[in-house]
Amino acid sequence: KNPSNMEAQFENLLQVLVSSDNATRAKAEEVYQRNLLLSPDELIQSLLRVSLSSASIDLRGFSSILLRRALIANPGQWAMLKEQTRSCIKIGTLQGIEKETNKYVLSNLREFTITLALRILEDGREKWDEILPFITCMCSSAEVRHKETALLMISNLITIFQQEFKGKNFDVLVQILQSGLSLSSEPRLALASLEATVSVIPLYQEPEEMQKLRPMLALMMDLLNSFLTTSQTHAQEALKLLVDLVGLDAAYLKPSAPQILPFMMSILTNVNFSQETRCLALEFLVSFVEEKPSFIAKSEDFCKSLLEVLINMMLDVADVPLDVWNNQEDDDEEDTGFTEVAQVSLDRVCVMLGGDVVGPILFHQIPNLLNNSGWKFRYVGLMTLSMIAEGCFSVLNAELPKLIQMILPLFADDHPRVRWAAANTAGQFATDFGSYFMNMSHSVILPALLKLLTDVQNPKVQGHAAAAIVNYCQQLNKKLMEAYASQLLGALYTLMNTNNPIVLQSAISAVASIASSIKQQFVPYYPTFIPALKNVIRNAKKDQGLLKGKAIECISLIAVAVGREVFEPDMVEVLNLLSQVKPEELDIDDPLQKFTLHAWMRLHACIGDEFASYLGYVVPILIRIASIGSGIKVQDLDEEEQPGWDVIQVPGGTSFAIHTSALEEKANACNLLYYCASNMAQFFFPYVRDVAAVLVAGMSFFYHTGVRLASLSAIPHLIKSAQIQCKQTQSQNDFEFLATLVNFLIPKVLESIQGESEKEVLVVALEALGEAISTLQIMKIPEELMEKIITVIQDSITDLHTRISTWISKKTKHSEDVDDYMRIEEELLQEDSVAKETTEVLGALVRHNPAVFLKYFPSKLSQLIYSLAKTPSKSERFLAFCVFADMMGNSRGAPESREMLQHFVPLFFECISDRGADPELRSVSFYAIGTCLEHGGDAILPYLEKAISLLQGEIQIVKNGTPPTSASDNAVSALGKFIQFRTQNLGDKAPSVASFWLSALPISTDTLEAEATHDRLLGFIQAGNPLILGDNYSNFPTILTLIATFIQYTATPDAPDIVSEEGYTGFLQVLKDTPSELLQGAISVLPDLAKQILAHAVDQLKK
């Protein structure tokens, strides 16, 4: 075939793909997709040729878009291409960028190249040798477009080439950035330089690097100042980048804050600038407050100026006609001024600065606003109180009586928007101040809200009053709510007869909240509301999904509140109404879908195991929703935003459109599958296979954290469900399925642990792994998989150590910056959670199969664990101490454990001896000593003398009056093990040690150790241990006093569980079996309360 003819035919195909004739375009799309599937290399190379050499600008641009869609939107496509094709793309795109002069085509090619580079270079498995020399070459070009390209590539690829720009190359990089920032006459080049500078600064933190980067700030501010006079559009782009810099590295800006903050404030207050420009300046200021609150709080003048500006901005309230306002939903209000952004900013600032800073500035302004004759001022005064309530909690809490008296008259204000704001403030106070506000205000605020419910001329006020009642219901105690229920429900029932859907929705939500609050006391109102709610469900129009959903939610909450017996007459009808909702026929944005699915789950809580028969309806729906795609697509440059889609920019300049509501529904469905699997495990087996496939995909769904969290959390419950099935059927097929399931799910969880960057999700992934291992009782994990788990955990611990070391180093460097120091502390807390869940996984492994764990421990974990035991990091030491204790205990003192004893016991002694050491470390050290006493064999002998000295010393401190701790409880537990397993080593000290131990009982701080220790006491008694019973039963009164204490604890509802059920039964049996004379003689010397408790118990036993 003639190549030129083939190229012409391909260009013709591309032209048909944009045809306005639907049928013609559909045929062309079919041909294109078939070629992409069957001959991807040929098609991709054809697209590349057209994008580089077609005479048509439109086709060059369109083919570059198709390239991006084929290789970026479909991540797996690149790996399927031949090496020659991939090489052609790498070289060809760079050549195309260099020679392309059309801005539109150049932008598409550049975005594609940068995004492709990020995709294939980030994991380090593939090289692109030509790209860095290309960037260097473009930097030195005389062409502005080449320099702009180089700077944009630096901006987006600097994380990959960070090391390449170190040393001498760093000086070159700084010169390039400085040169670009100085060219305000070339705005695109200057903005590209600013973008690159913002990306570079956070990555180069060495003192000599920071010294060279510091002068760049003045150039950035000069550039912004220049744009403010020449182009608001360019100024806005510059401000967006500077806002990014605040989030990435506020510490860089901090030394120049005295100059930068007034500059940004001048932009914010300049009425000649556009609203968007001023709002971006505000975002810079608020973001800086969030990043450096302690630093900002020291500047009283700045805080005062910012808060006053925010109040003035809030006064820019849109004065819409009341008939229009009353028909707007709150979310639909068109705010043409600064009001909404100012409110949100005020909330953010107050949360970060706190009441001590904000209170003195605003408290003298708020009364003036509330007493002003203009309704906007009163409205803003109330909204200010609503916005600052959370952040100023500590200060406002003490002033609540005054504040209540200030806002109360405004419930009867002449202007409905002020009355709306009064209801809003009451609801917000109810949320932020909780029961304290409720108990103080219910007698005046609830009647005021009831009055607003009758404001028929202003349905929006009625609806917001009902919404405030919802807030009250969530906080007011049950008894008080019962007192108001009749009045409130009467008024709300009246609202339910309105034709206004906004009012009706709010009224239904309030009824649901009252029912949830008063529970069984709602029974008298049940016959009134259930028929009305069923009517709403039946009569709601197709476009009233939210209203219908609220009614369904309300019925389900009422059902849970009143219980199955009351709900049963309506149960079948309600379930049928829910079954008529077909989620597959609803748009993914329809709220009815979410409300219906959550209602199903609540009804399970109401009707119990009978709900299992409805799983066949519910679970397939959840699977379908949980299986929906990412809801993400590449957004072309000229493509308009669609309703319900958010567009974001990612590295490379590529735009992605995200169907946010679809992602939320996917996460919601995954959560509900988790709920079903965890709460109905015994009925869930028929769905395990299909659900497992969906949730495994969800575990790697990086577009939404909630999807990953729910998917991972459900994994142990799927295994549990399959295990229950095996126990019930004893079927070989079911056992084989369980084995297959385990071999399928656990490796996928391991992949999540290896690939997860978000600490919250990593913690849940580790937790899921630990629970999955612990759940398995009727089969052993194959040795090959056990080895893989240990290897992944080994790598995870190594990564954890690297991260913690980095944070500790940064903590030292930033010790003088309170804000950075606190942020690093938060990061270390997250790492602590990772360490603890890792500990749980290793503990589960050694309990599950000690032999296999110990087989791989020496080669994979031994040195690593010991090195962690000596680090300054509490989290890592805790992990190491726990792993050793678990190994020693669960392996019953296997040689591998005893070999490590000599290395660990001195570390335990060191930690115990330091009373200022971390309480958790001291506690686990005592626990580990106890484990060594039980299982350490001869290896512990050299340490016995010091061990008993430390144990008795810790216990004596509590005897002297210091409050008990988990550490002291574990010391008592360990001493009990000393008596049980090392009596022969005590010699003639044994009786006094036993009496000392008895006198330290009971313990109650660490309930697990309390149960184990008191069970050990019972074992001593049952065995007739002479050390515990004493000569001639001399210790028996002490033992009976303890039994009386156990009886008292067990009878007290809120007391901790310090004795197990078996132990409690055993102690009662001791009373029953003890000869009457001995029992009565010992009881006679006890305190009166113990006598009464034991006498009653003995009488009950006789019956």
# chains A, B, ... in the order shown; residues from 1 in each chain; ligands from 1

call {"tool": "residues_around", "arguments": {"residues": "A:Ser274", "least_positions_apart": "5", "cutoff": "12 Å", "atoms": "only C-alpha atoms", "output": "NGL selection string"}}
result
:A and (228 or 231-233 or 235-236 or 267-269 or 279-281 or 337-338)

call {"tool": "select_by_dssp", "arguments": {"residues": "stretch 75-266 of chain A", "states": "alpha helix (DSSP H)", "output": "JSON, numbers by chain"}}
result
{"A": [76, 77, 78, 79, 80, 83, 84, 85, 86, 87, 88, 89, 90, 91, 92, 93, 94, 95, 96, 97, 98, 99, 103, 104, 105, 106, 107, 108, 109, 110, 111, 112, 113, 114, 115, 116, 117, 118, 119, 120, 121, 131, 132, 133, 134, 135, 136, 137, 138, 139, 144, 145, 146, 147, 148, 149, 150, 151, 152, 153, 154, 155, 156, 157, 168, 169, 170, 171, 172, 173, 174, 175, 176, 177, 178, 179, 180, 181, 187, 188, 189, 190, 191, 192, 193, 194, 195, 196, 197, 198, 199, 200, 207, 208, 209, 210, 211, 212, 213, 216, 217, 218, 219, 220, 221, 222, 223, 224, 225, 226, 227, 228, 229, 230, 232, 233, 234, 235, 236, 237, 238, 239, 240, 241, 242, 243, 244, 245, 246, 247, 248, 249, 250, 251, 252, 253, 257, 258, 259, 260, 261, 262, 263, 264, 265, 266]}

call {"tool": "residues_around", "arguments": {"residues": "A:Ile1058", "least_positions_apart": "6", "cutoff": "9 Å", "atoms": "only C-alpha atoms", "output": "list in words"}}
result
Pro1002, Ile1003, Ser1004, Thr1005, Asp1006, Thr1007, Leu1008, Glu1009, Ala1010, Glu1011, Ala1012, His1014, Phe1046, Tyr1049 and Thr1050 of chain A

call {"tool": "closest_residue", "arguments": {"among": "A:Arg417, A:Ile555, A:Asp817, A:Gln593", "to": "A:Pro255", "atoms": "only C-alpha atoms"}}
result
A:Asp817

call {"tool": "residues_around", "arguments": {"residues": "stretch 435-451 of chain A", "least_positions_apart": "2", "cutoff": "9 Å", "atoms": "only C-alpha atoms", "output": "mmCIF file with C-alpha atoms, in the first residue's frame"}}
result
data_model
loop_
_atom_site.group_PDB
_atom_site.id
_atom_site.type_symbol
_atom_site.label_atom_id
_atom_site.label_comp_id
_atom_site.auth_asym_id
_atom_site.auth_seq_id
_atom_site.Cartn_x
_atom_site.Cartn_y
_atom_site.Cartn_z
ATOM 1 C CA ASN A 397 -18.933 29.152 76.335
ATOM 2 C CA LEU A 400 -23.541 31.994 76.661
ATOM 3 C CA PRO A 401 -26.130 33.502 79.047
ATOM 4 C CA ILE A 404 -28.733 34.046 74.486
ATOM 5 C CA LEU A 408 -33.464 36.114 71.624
ATOM 6 C CA PHE A 411 -36.323 35.648 66.622
ATOM 7 C CA ALA A 412 -39.140 38.246 66.431
ATOM 8 C CA ALA A 423 -32.724 30.159 63.744
ATOM 9 C CA ALA A 426 -29.537 28.652 67.474
ATOM 10 C CA PHE A 429 -24.915 26.943 68.932
ATOM 11 C CA ALA A 430 -26.711 23.661 69.596
ATOM 12 C CA ASP A 432 -21.030 23.672 68.856
ATOM 13 C CA PHE A 433 -21.930 24.075 72.542
ATOM 14 C CA LEU A 453 -42.609 27.358 62.490
ATOM 15 C CA THR A 454 -45.845 29.352 62.156
ATOM 16 C CA ASP A 455 -44.303 32.028 59.886
ATOM 17 C CA GLN A 462 -40.190 27.847 58.697
ATOM 18 C CA ALA A 465 -36.502 26.703 62.145
ATOM 19 C CA ALA A 466 -37.258 23.024 61.555
ATOM 20 C CA ALA A 468 -32.536 24.133 63.895
ATOM 21 C CA ILE A 469 -34.824 21.731 65.754
ATOM 22 C CA TYR A 472 -31.454 20.520 69.049
ATOM 23 C CA GLN A 475 -27.943 17.402 71.537
ATOM 24 C CA LEU A 476 -30.868 17.766 73.976
ATOM 25 C CA ASN A 477 -31.166 14.962 76.521
ATOM 26 C CA LEU A 480 -36.125 17.269 78.065
ATOM 27 C CA TYR A 484 -41.311 19.278 74.210
ATOM 28 C CA GLN A 487 -45.703 20.688 70.942
ATOM 29 C CA LEU A 488 -42.940 20.198 68.403
ATOM 30 C CA ALA A 491 -46.315 22.015 64.771
#

call {"tool": "residues_around", "arguments": {"residues": "stretch 83-86 of chain A", "least_positions_apart": "6", "cutoff": "10 Å", "atoms": "only C-alpha atoms", "output": "PyMOL selection string"}}
result
chain A and resi 40-42+44-45+48+92+128

call {"tool": "residues_around", "arguments": {"residues": "stretch 781-786 of chain A", "least_positions_apart": "5", "cutoff": "9 Å", "atoms": "only C-alpha atoms", "output": "ChimeraX atom specification"}}
result
/A:739,742-743,746-747,773,776,791,845,848-849,852-853

call {"tool": "residues_around", "arguments": {"residues": "stretch 297-314 of chain A", "least_positions_apart": "4", "cutoff": "8 Å", "atoms": "only C-alpha atoms", "output": "list in words"}}
result
Met265, Thr269, Pro293, Gly337, Phe338, Thr339, Glu340, Ala342, Gln343, Ser345, Leu346, Leu353, Val357, Val358, Ile361, Leu362, Val380 and Thr384 of chain A

call {"tool": "atom_distance", "arguments": {"atom1": "atom CA of A:Thr229", "atom2": "atom CA of A:Phe284"}}
result
19.3 Å

call {"tool": "atom_distance", "arguments": {"atom1": "atom CA of A:Ile514", "atom2": "atom CA of A:His598"}}
result
18.6 Å

call {"tool": "atom_distance", "arguments": {"atom1": "atom CA of A:Gly937", "atom2": "atom CA of A:Gln902"}}
result
12.1 Å

call {"tool": "closest_residue", "arguments": {"among": "A:Gln162, A:Asn1032, A:Ser627, A:Gln365", "to": "A:Ala693", "atoms": "only C-alpha atoms"}}
result
A:Ser627

call {"tool": "closest_residue", "arguments": {"among": "A:Glu736, A:Asp570, A:Asp1099, A:Glu195", "to": "A:Glu148", "atoms": "only C-alpha atoms"}}
result
A:Glu195

call {"tool": "decode", "arguments": {"residues": "stretch 184-302 of chain A", "atoms": "C-alpha atoms", "output": "compact mmCIF listing (two decimals), in the first residue's frame"}}
result
# COMPACT_ATOMS: atom_id res chain seq x y z
CA SER A 184 6.67 40.67 33.15
CA SER A 185 6.50 41.85 29.54
CA GLU A 186 6.19 38.17 28.55
CA PRO A 187 3.36 37.16 30.89
CA ARG A 188 3.08 33.50 29.81
CA LEU A 189 6.80 32.98 30.29
CA ALA A 190 6.79 34.83 33.62
CA LEU A 191 3.84 32.78 34.89
CA ALA A 192 5.54 29.55 33.80
CA SER A 193 8.61 30.67 35.74
CA LEU A 194 6.46 31.45 38.78
CA GLU A 195 4.82 28.03 38.55
CA ALA A 196 8.24 26.37 38.35
CA THR A 197 9.54 28.43 41.28
CA VAL A 198 6.58 27.40 43.45
CA SER A 199 7.31 23.75 42.62
CA VAL A 200 11.04 24.05 43.28
CA ILE A 201 11.03 25.88 46.64
CA PRO A 202 9.54 23.08 48.83
CA LEU A 203 12.00 20.49 47.46
CA TYR A 204 15.25 22.31 48.21
CA GLN A 205 15.43 22.90 51.95
CA GLU A 206 19.15 22.80 52.69
CA PRO A 207 20.40 26.11 54.20
CA GLU A 208 22.61 26.98 51.23
CA GLU A 209 19.75 26.20 48.82
CA MET A 210 17.26 28.27 50.81
CA GLN A 211 19.73 31.17 50.83
CA LYS A 212 19.79 31.16 47.03
CA LEU A 213 16.01 30.83 46.76
CA ARG A 214 15.19 33.58 49.27
CA PRO A 215 15.70 36.53 46.80
CA MET A 216 13.10 34.95 44.47
CA LEU A 217 10.29 36.12 46.75
CA ALA A 218 10.86 39.79 45.95
CA LEU A 219 10.79 38.96 42.23
CA MET A 220 7.51 37.06 42.67
CA MET A 221 5.89 40.00 44.48
CA ASP A 222 7.19 42.46 41.87
CA LEU A 223 5.73 40.29 39.14
CA LEU A 224 2.34 40.21 40.87
CA ASN A 225 2.44 43.97 41.38
CA SER A 226 3.16 44.46 37.69
CA PHE A 227 0.29 42.20 36.64
CA LEU A 228 -2.10 44.08 38.94
CA THR A 229 -1.56 47.17 36.81
CA THR A 230 -1.56 45.44 33.42
CA SER A 231 -3.83 42.37 33.54
CA GLN A 232 -6.25 41.15 36.19
CA THR A 233 -6.30 37.73 34.50
CA HIS A 234 -2.55 37.35 34.81
CA ALA A 235 -2.67 38.68 38.37
CA GLN A 236 -5.24 36.04 39.26
CA GLU A 237 -3.07 33.26 37.82
CA ALA A 238 -0.11 34.56 39.82
CA LEU A 239 -2.19 34.74 43.00
CA LYS A 240 -3.37 31.15 42.55
CA LEU A 241 0.24 30.01 42.36
CA LEU A 242 1.18 32.02 45.44
CA VAL A 243 -1.73 30.44 47.33
CA ASP A 244 -0.28 27.06 46.34
CA LEU A 245 3.09 28.19 47.74
CA VAL A 246 1.47 28.96 51.10
CA GLY A 247 0.21 25.39 51.30
CA LEU A 248 3.48 23.88 50.08
CA ASP A 249 5.97 25.90 52.11
CA ALA A 250 4.62 28.68 54.32
CA ALA A 251 7.93 28.66 56.21
CA TYR A 252 9.58 30.15 53.11
CA LEU A 253 7.19 33.09 53.24
CA LYS A 254 7.28 33.58 57.01
CA PRO A 255 10.41 35.82 57.26
CA SER A 256 8.85 38.22 54.74
CA ALA A 257 5.34 38.10 56.23
CA PRO A 258 5.55 41.69 57.59
CA GLN A 259 5.84 42.91 53.98
CA ILE A 260 3.71 40.31 52.17
CA LEU A 261 0.62 40.33 54.40
CA PRO A 262 0.00 44.12 54.14
CA PHE A 263 0.53 43.85 50.37
CA MET A 264 -2.12 41.12 50.11
CA MET A 265 -4.41 43.10 52.41
CA SER A 266 -4.10 46.10 50.08
CA ILE A 267 -5.23 43.91 47.17
CA LEU A 268 -8.13 42.58 49.20
CA THR A 269 -9.40 46.03 50.13
CA ASN A 270 -8.87 47.68 46.75
CA VAL A 271 -12.35 48.11 45.24
CA ASN A 272 -10.82 48.77 41.82
CA PHE A 273 -9.71 45.16 41.54
CA SER A 274 -12.11 42.44 40.40
CA GLN A 275 -13.94 40.29 42.90
CA GLU A 276 -11.96 37.19 41.87
CA THR A 277 -8.63 38.98 42.36
CA ARG A 278 -9.64 40.19 45.80
CA CYS A 279 -10.95 36.77 46.80
CA LEU A 280 -7.65 35.17 45.79
CA ALA A 281 -5.78 37.66 47.97
CA LEU A 282 -8.13 36.70 50.80
CA GLU A 283 -7.44 33.03 50.18
CA PHE A 284 -3.72 33.73 50.44
CA LEU A 285 -4.20 35.46 53.79
CA VAL A 286 -6.53 32.84 55.24
CA SER A 287 -4.31 29.99 54.04
CA PHE A 288 -1.32 31.67 55.69
CA VAL A 289 -3.30 31.94 58.94
CA GLU A 290 -4.08 28.21 58.71
CA GLU A 291 -0.45 27.32 58.11
CA LYS A 292 1.07 29.66 60.71
CA PRO A 293 -1.61 30.40 63.35
CA SER A 294 0.78 30.81 66.28
CA PHE A 295 2.89 33.27 64.31
CA ILE A 296 -0.15 35.27 63.12
CA ALA A 297 -1.69 35.37 66.61
CA LYS A 298 1.26 37.49 67.76
CA SER A 299 0.32 40.21 65.27
CA GLU A 300 -2.66 41.89 66.92
CA ASP A 301 -2.89 44.64 64.31
CA PHE A 302 -3.04 42.20 61.41
